[in-house]
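One structure is given below, encoded as structure tokens.
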Amino acid sequence: MRAWLADAERAGLRVLPPRSGWQAALVAADHVIGDHGSVTFYGAALGTHTVLGAFPDHELAASSPIAGFGRAATRLDPDAPLLPQLTADAARHTPDRFAATTRLLTSVPGGSAAVLRSAFYKLLGLAEPDRPVRVVPPEPPVAYRRGWPDTAGVPPLIATAEPDPADPTAVRVTRRPAEPVAAGRLSLRRPHTVVHADEPQTRWRDAADAVLCGPAPGDPWRRLADALAALPGARLAVEADGNACLVLDRDGVRHRLVPRGAAAPDPTAYASAFLRLRRTVAEPDGLVCTVRIGDREVRVGVERLGP
């Protein structure tokens, strides 16, 4: 299974171990995409937005609760873009959407531990302890990680940075994992490639327009300069530095990008936005731009540090 998912993991997918962590991940999920398995049904019972990527109706008894859930849930079209399908269905979702079937999941919500313990002790022919059943939180979801040299800590990204026609200082950044974009038929307007300095694949290093460095000890400016020297096709290098981001361009000019407010720095998004700004603004020193990422918006100040 890990070998089958390896390309997706290199593109940013996080895979949980099969027996631990899934409960906490399910509770934390904003969306669940599943099949006819119990975990999908648990997600629907929690009231989480749940859709089906696959559902083999012929394997289920038509009168079973999960078969009824399968008839009610939205099924994704594998030939259509995922995000519009997901957001459109989520917009009409309510927590009790599947209650007609999910209420049949248990007749004692929150009480299964006590019921199961009684059943187990009865089967063993032993007296049940007097103390209450101890119920502990699930383990934290710790995903498998593919490490270098199989993959860098950050997958290669293909990004676009489009200006707002009504505001020349506003840029919308969209980022996608490079591997599936390169393998598909997606048409993007003026895309650029962002890679980590530790990226092991030569084809992505050669394609880099921006290179992400750190975190690491030592002089960050030296690290940025070394990254540009190692990747002669890259136009700039960027690294998070506390609550800001440092940017070094091919001409040796240093800038510092500082998000306004409590926003954490987002180096790959800021690199994309800065690449776009340099196309439209000769010298962005002192500029405060708006970087839009999904449904988030961050005001970022640009400071030139030299030379």
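By convention in this document, the chains of the structure tokens carry letters A, B, ... by their order, each chain's residues are numbered from 1, and ligands are numbered from 1 in the order they are shown.
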
For stretch 42-52 of chain A: contacts at 9 Å, only C-alpha atoms, fewer than 2 positions along chain excluded, given as number ranges by chain: A: 26-27, 29-36, 38-40, 54-55, 69-70, 73-76, 86, 89-90, 93-99, 101-103, 105

Long-range neighbours of A:Thr169 as a count of residues only, 8 Å cut-off, only C-alpha atoms, 6 positions minimum in chain: 6

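Rounded to one decimal, atom CA of A:Ala197 and atom CA of A:Ala240 lie 13.3 Å from each other.
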
Selection: 12 Å around A:His196, only C-alpha atoms, excl. self and same-chain fewer than 4 positions, as an MDAnalysis selection string: chainID A and resid 148 151:157 200:202 204:215 224 227:228 230:231 234 236:239 267:268 271

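Nearest residue to A:Val171 among A:Asp226, A:Glu303, A:Glu128, A:Glu297 is A:Glu297, counting only C-alpha atoms.
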
Per-residue DSSP, stretch 42-180 of chain A, filtered to helix (DSSP H, G or I), as a ChimeraX atom specification: /A:42-45,57-59,65-72,82-91,99-102,112-124,178-180

Selected residues written out, C-alpha atoms, as a PDB file, in the first residue's frame:
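Final output, saved to part-v5.pdb:
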```pdb
ATOM      1  CA  TYR A  42     -18.432   7.229  11.427  1.00  0.00           C
ATOM      2  CA  GLY A  43     -17.564  10.523   9.732  1.00  0.00           C
ATOM      3  CA  ALA A  44     -21.132  10.941   8.516  1.00  0.00           C
ATOM      4  CA  ALA A  45     -22.415  10.099  12.015  1.00  0.00           C
ATOM      5  CA  ASP A  57     -23.639  -1.178  -3.950  1.00  0.00           C
ATOM      6  CA  HIS A  58     -23.614  -4.823  -4.998  1.00  0.00           C
ATOM      7  CA  GLU A  59     -21.513  -5.782  -1.944  1.00  0.00           C
ATOM      8  CA  PRO A  65     -27.943   1.333   7.271  1.00  0.00           C
ATOM      9  CA  ILE A  66     -24.726   1.906   5.348  1.00  0.00           C
ATOM     10  CA  ALA A  67     -26.425   1.015   2.061  1.00  0.00           C
ATOM     11  CA  GLY A  68     -29.051   3.638   2.869  1.00  0.00           C
ATOM     12  CA  PHE A  69     -26.290   6.123   3.584  1.00  0.00           C
ATOM     13  CA  GLY A  70     -24.708   5.265   0.218  1.00  0.00           C
ATOM     14  CA  ARG A  71     -27.945   6.102  -1.568  1.00  0.00           C
ATOM     15  CA  ALA A  72     -28.173   9.478   0.192  1.00  0.00           C
ATOM     16  CA  LEU A  82     -12.409  17.602  -7.207  1.00  0.00           C
ATOM     17  CA  LEU A  83     -12.509  20.985  -5.465  1.00  0.00           C
ATOM     18  CA  PRO A  84     -15.671  22.403  -7.122  1.00  0.00           C
ATOM     19  CA  GLN A  85     -17.519  19.156  -6.382  1.00  0.00           C
ATOM     20  CA  LEU A  86     -16.378  19.187  -2.760  1.00  0.00           C
ATOM     21  CA  THR A  87     -17.219  22.834  -2.071  1.00  0.00           C
ATOM     22  CA  ALA A  88     -20.582  22.699  -3.852  1.00  0.00           C
ATOM     23  CA  ASP A  89     -21.722  19.708  -1.810  1.00  0.00           C
ATOM     24  CA  ALA A  90     -20.325  21.152   1.432  1.00  0.00           C
ATOM     25  CA  ALA A  91     -22.347  24.335   0.888  1.00  0.00           C
ATOM     26  CA  ALA A  99     -29.274  11.101  10.554  1.00  0.00           C
ATOM     27  CA  ALA A 100     -31.925   8.743   9.151  1.00  0.00           C
ATOM     28  CA  THR A 101     -29.242   6.078   8.742  1.00  0.00           C
ATOM     29  CA  THR A 102     -26.406   7.138  11.071  1.00  0.00           C
ATOM     30  CA  SER A 112     -20.262   1.194  24.028  1.00  0.00           C
ATOM     31  CA  ALA A 113     -17.220   0.702  26.272  1.00  0.00           C
ATOM     32  CA  ALA A 114     -19.366  -0.354  29.235  1.00  0.00           C
ATOM     33  CA  VAL A 115     -21.581  -2.600  27.095  1.00  0.00           C
ATOM     34  CA  LEU A 116     -18.601  -4.306  25.449  1.00  0.00           C
ATOM     35  CA  ARG A 117     -16.772  -4.846  28.741  1.00  0.00           C
ATOM     36  CA  SER A 118     -19.827  -6.538  30.226  1.00  0.00           C
ATOM     37  CA  ALA A 119     -20.148  -8.780  27.181  1.00  0.00           C
ATOM     38  CA  PHE A 120     -16.464  -9.758  27.226  1.00  0.00           C
ATOM     39  CA  TYR A 121     -16.426 -10.632  30.948  1.00  0.00           C
ATOM     40  CA  LYS A 122     -19.621 -12.662  30.525  1.00  0.00           C
ATOM     41  CA  LEU A 123     -18.053 -14.634  27.664  1.00  0.00           C
ATOM     42  CA  LEU A 124     -14.963 -15.250  29.828  1.00  0.00           C
ATOM     43  CA  ALA A 178       3.963  19.434  -9.183  1.00  0.00           C
ATOM     44  CA  GLU A 179       3.899  15.670  -9.796  1.00  0.00           C
ATOM     45  CA  PRO A 180       0.169  15.252 -10.535  1.00  0.00           C
TER      46      PRO A 180
END
```

Every residue of stretch 123-269 of chain A that DSSP places in strand (DSSP E or B), as an MDAnalysis selection string: chainID A and resid 157:164 167:177 192:196 210:212 236:241 244:249 254:259

Could those selected residues go to a file with N, CA and C atoms, as a short mmCIF file (atom, residue, chain, number, x, y, z; two decimals), in the first residue's frame?
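And here is the file that came out, out.cif:
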```cif
data_model
loop_
_atom_site.label_atom_id
_atom_site.label_comp_id
_atom_site.auth_asym_id
_atom_site.auth_seq_id
_atom_site.Cartn_x
_atom_site.Cartn_y
_atom_site.Cartn_z
N LEU A 157 6.25 22.30 -6.00
CA LEU A 157 4.95 22.93 -6.24
C LEU A 157 4.95 23.64 -7.58
N ILE A 158 3.84 23.56 -8.28
CA ILE A 158 3.61 24.41 -9.44
C ILE A 158 2.56 25.43 -9.02
N ALA A 159 2.91 26.69 -9.14
CA ALA A 159 2.08 27.77 -8.60
C ALA A 159 1.74 28.79 -9.67
N THR A 160 0.67 29.51 -9.41
CA THR A 160 0.33 30.68 -10.22
C THR A 160 0.13 31.85 -9.27
N ALA A 161 0.39 33.05 -9.75
CA ALA A 161 0.20 34.26 -8.97
C ALA A 161 -0.46 35.29 -9.88
N GLU A 162 -1.74 35.49 -9.70
CA GLU A 162 -2.51 36.36 -10.59
C GLU A 162 -2.87 37.65 -9.86
N PRO A 163 -2.61 38.82 -10.50
CA PRO A 163 -2.97 40.09 -9.86
C PRO A 163 -4.47 40.34 -9.91
N ASP A 164 -4.95 41.14 -8.97
CA ASP A 164 -6.34 41.57 -8.97
C ASP A 164 -6.45 42.78 -9.90
N ASP A 167 -6.89 45.95 -8.08
CA ASP A 167 -5.90 46.33 -7.07
C ASP A 167 -4.54 45.76 -7.49
N PRO A 168 -3.67 46.58 -8.06
CA PRO A 168 -2.38 46.08 -8.56
C PRO A 168 -1.45 45.57 -7.46
N THR A 169 -1.77 45.85 -6.19
CA THR A 169 -0.93 45.35 -5.10
C THR A 169 -1.49 44.07 -4.48
N ALA A 170 -2.56 43.52 -5.06
CA ALA A 170 -3.15 42.27 -4.55
C ALA A 170 -2.83 41.13 -5.50
N VAL A 171 -2.42 40.01 -4.95
CA VAL A 171 -2.03 38.84 -5.74
C VAL A 171 -2.72 37.61 -5.18
N ARG A 172 -3.35 36.82 -6.05
CA ARG A 172 -3.92 35.54 -5.64
C ARG A 172 -2.95 34.43 -6.01
N VAL A 173 -2.53 33.68 -5.01
CA VAL A 173 -1.58 32.59 -5.20
C VAL A 173 -2.31 31.26 -5.11
N THR A 174 -2.09 30.42 -6.10
CA THR A 174 -2.63 29.06 -6.10
C THR A 174 -1.46 28.09 -6.23
N ARG A 175 -1.41 27.10 -5.37
CA ARG A 175 -0.31 26.13 -5.38
C ARG A 175 -0.86 24.72 -5.55
N ARG A 176 -0.16 23.95 -6.36
CA ARG A 176 -0.54 22.56 -6.60
C ARG A 176 0.70 21.68 -6.57
N PRO A 177 0.59 20.45 -6.06
CA PRO A 177 1.74 19.53 -6.12
C PRO A 177 2.18 19.34 -7.56
N HIS A 192 4.74 28.80 -12.37
CA HIS A 192 6.15 28.74 -12.00
C HIS A 192 6.33 27.62 -10.99
N THR A 193 7.56 27.20 -10.79
CA THR A 193 7.86 26.04 -9.96
C THR A 193 8.63 26.47 -8.72
N VAL A 194 8.18 25.96 -7.58
CA VAL A 194 8.84 26.24 -6.30
C VAL A 194 9.32 24.91 -5.73
N VAL A 195 10.60 24.82 -5.41
CA VAL A 195 11.15 23.58 -4.85
C VAL A 195 11.94 23.88 -3.59
N HIS A 196 12.13 22.89 -2.77
CA HIS A 196 12.98 23.02 -1.60
C HIS A 196 14.43 22.82 -2.02
N ALA A 210 11.71 29.39 -8.00
CA ALA A 210 11.97 29.86 -6.64
C ALA A 210 12.38 28.66 -5.81
N VAL A 211 13.32 28.88 -4.89
CA VAL A 211 13.82 27.78 -4.07
C VAL A 211 13.60 28.13 -2.60
N LEU A 212 13.04 27.20 -1.86
CA LEU A 212 12.77 27.36 -0.43
C LEU A 212 13.92 26.76 0.37
N LEU A 236 14.83 33.42 -7.43
CA LEU A 236 14.97 33.90 -6.06
C LEU A 236 14.94 32.73 -5.10
N ALA A 237 15.45 33.01 -3.89
CA ALA A 237 15.42 32.03 -2.81
C ALA A 237 14.74 32.68 -1.61
N VAL A 238 14.02 31.87 -0.84
CA VAL A 238 13.22 32.40 0.27
C VAL A 238 13.34 31.49 1.47
N GLU A 239 13.25 32.07 2.66
CA GLU A 239 13.31 31.29 3.90
C GLU A 239 12.55 32.03 4.99
N ALA A 240 11.81 31.27 5.80
CA ALA A 240 11.13 31.87 6.95
C ALA A 240 12.17 32.27 7.98
N ASP A 241 11.94 33.44 8.62
CA ASP A 241 12.85 33.95 9.63
C ASP A 241 12.01 34.59 10.73
N ALA A 244 8.79 36.59 9.85
CA ALA A 244 8.94 37.19 8.52
C ALA A 244 9.55 36.17 7.56
N CYS A 245 9.74 36.61 6.31
CA CYS A 245 10.42 35.79 5.31
C CYS A 245 11.53 36.61 4.68
N LEU A 246 12.66 35.98 4.46
CA LEU A 246 13.78 36.61 3.79
C LEU A 246 13.79 36.17 2.34
N VAL A 247 14.07 37.12 1.44
CA VAL A 247 14.09 36.83 0.00
C VAL A 247 15.39 37.38 -0.58
N LEU A 248 16.08 36.54 -1.35
CA LEU A 248 17.28 36.95 -2.07
C LEU A 248 17.05 36.68 -3.54
N ASP A 249 17.24 37.71 -4.39
CA ASP A 249 17.01 37.47 -5.82
C ASP A 249 18.34 37.21 -6.53
N ARG A 254 18.44 41.91 -1.37
CA ARG A 254 17.78 41.29 -0.23
C ARG A 254 16.49 42.03 0.12
N HIS A 255 15.44 41.27 0.38
CA HIS A 255 14.19 41.84 0.86
C HIS A 255 13.71 41.04 2.06
N ARG A 256 12.90 41.70 2.86
CA ARG A 256 12.25 41.06 4.00
C ARG A 256 10.75 41.26 3.85
N LEU A 257 9.98 40.17 3.93
CA LEU A 257 8.53 40.23 3.79
C LEU A 257 7.91 39.96 5.15
N VAL A 258 7.12 40.90 5.63
CA VAL A 258 6.59 40.83 6.99
C VAL A 258 5.07 40.82 6.95
N PRO A 259 4.42 39.73 7.38
CA PRO A 259 2.96 39.72 7.43
C PRO A 259 2.44 40.64 8.53
#
```

Atom pair atom CA of A:Ala282 / atom CA of A:Tyr270: separation (Å):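 So the answer is 17.1 Å.
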
Interatomic distance (Å, one decimal) between atom CA of A:Arg250 and atom CA of A:Gly233: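 Separation of atom CA of A:Arg250 and atom CA of A:Gly233: 9.3 Å.
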
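With only C-alpha atoms as the basis for measurement, A:Pro141 is the residue among A:Pro141, A:Pro217, A:Pro56, A:Gly306 that approaches A:Pro18 most closely.
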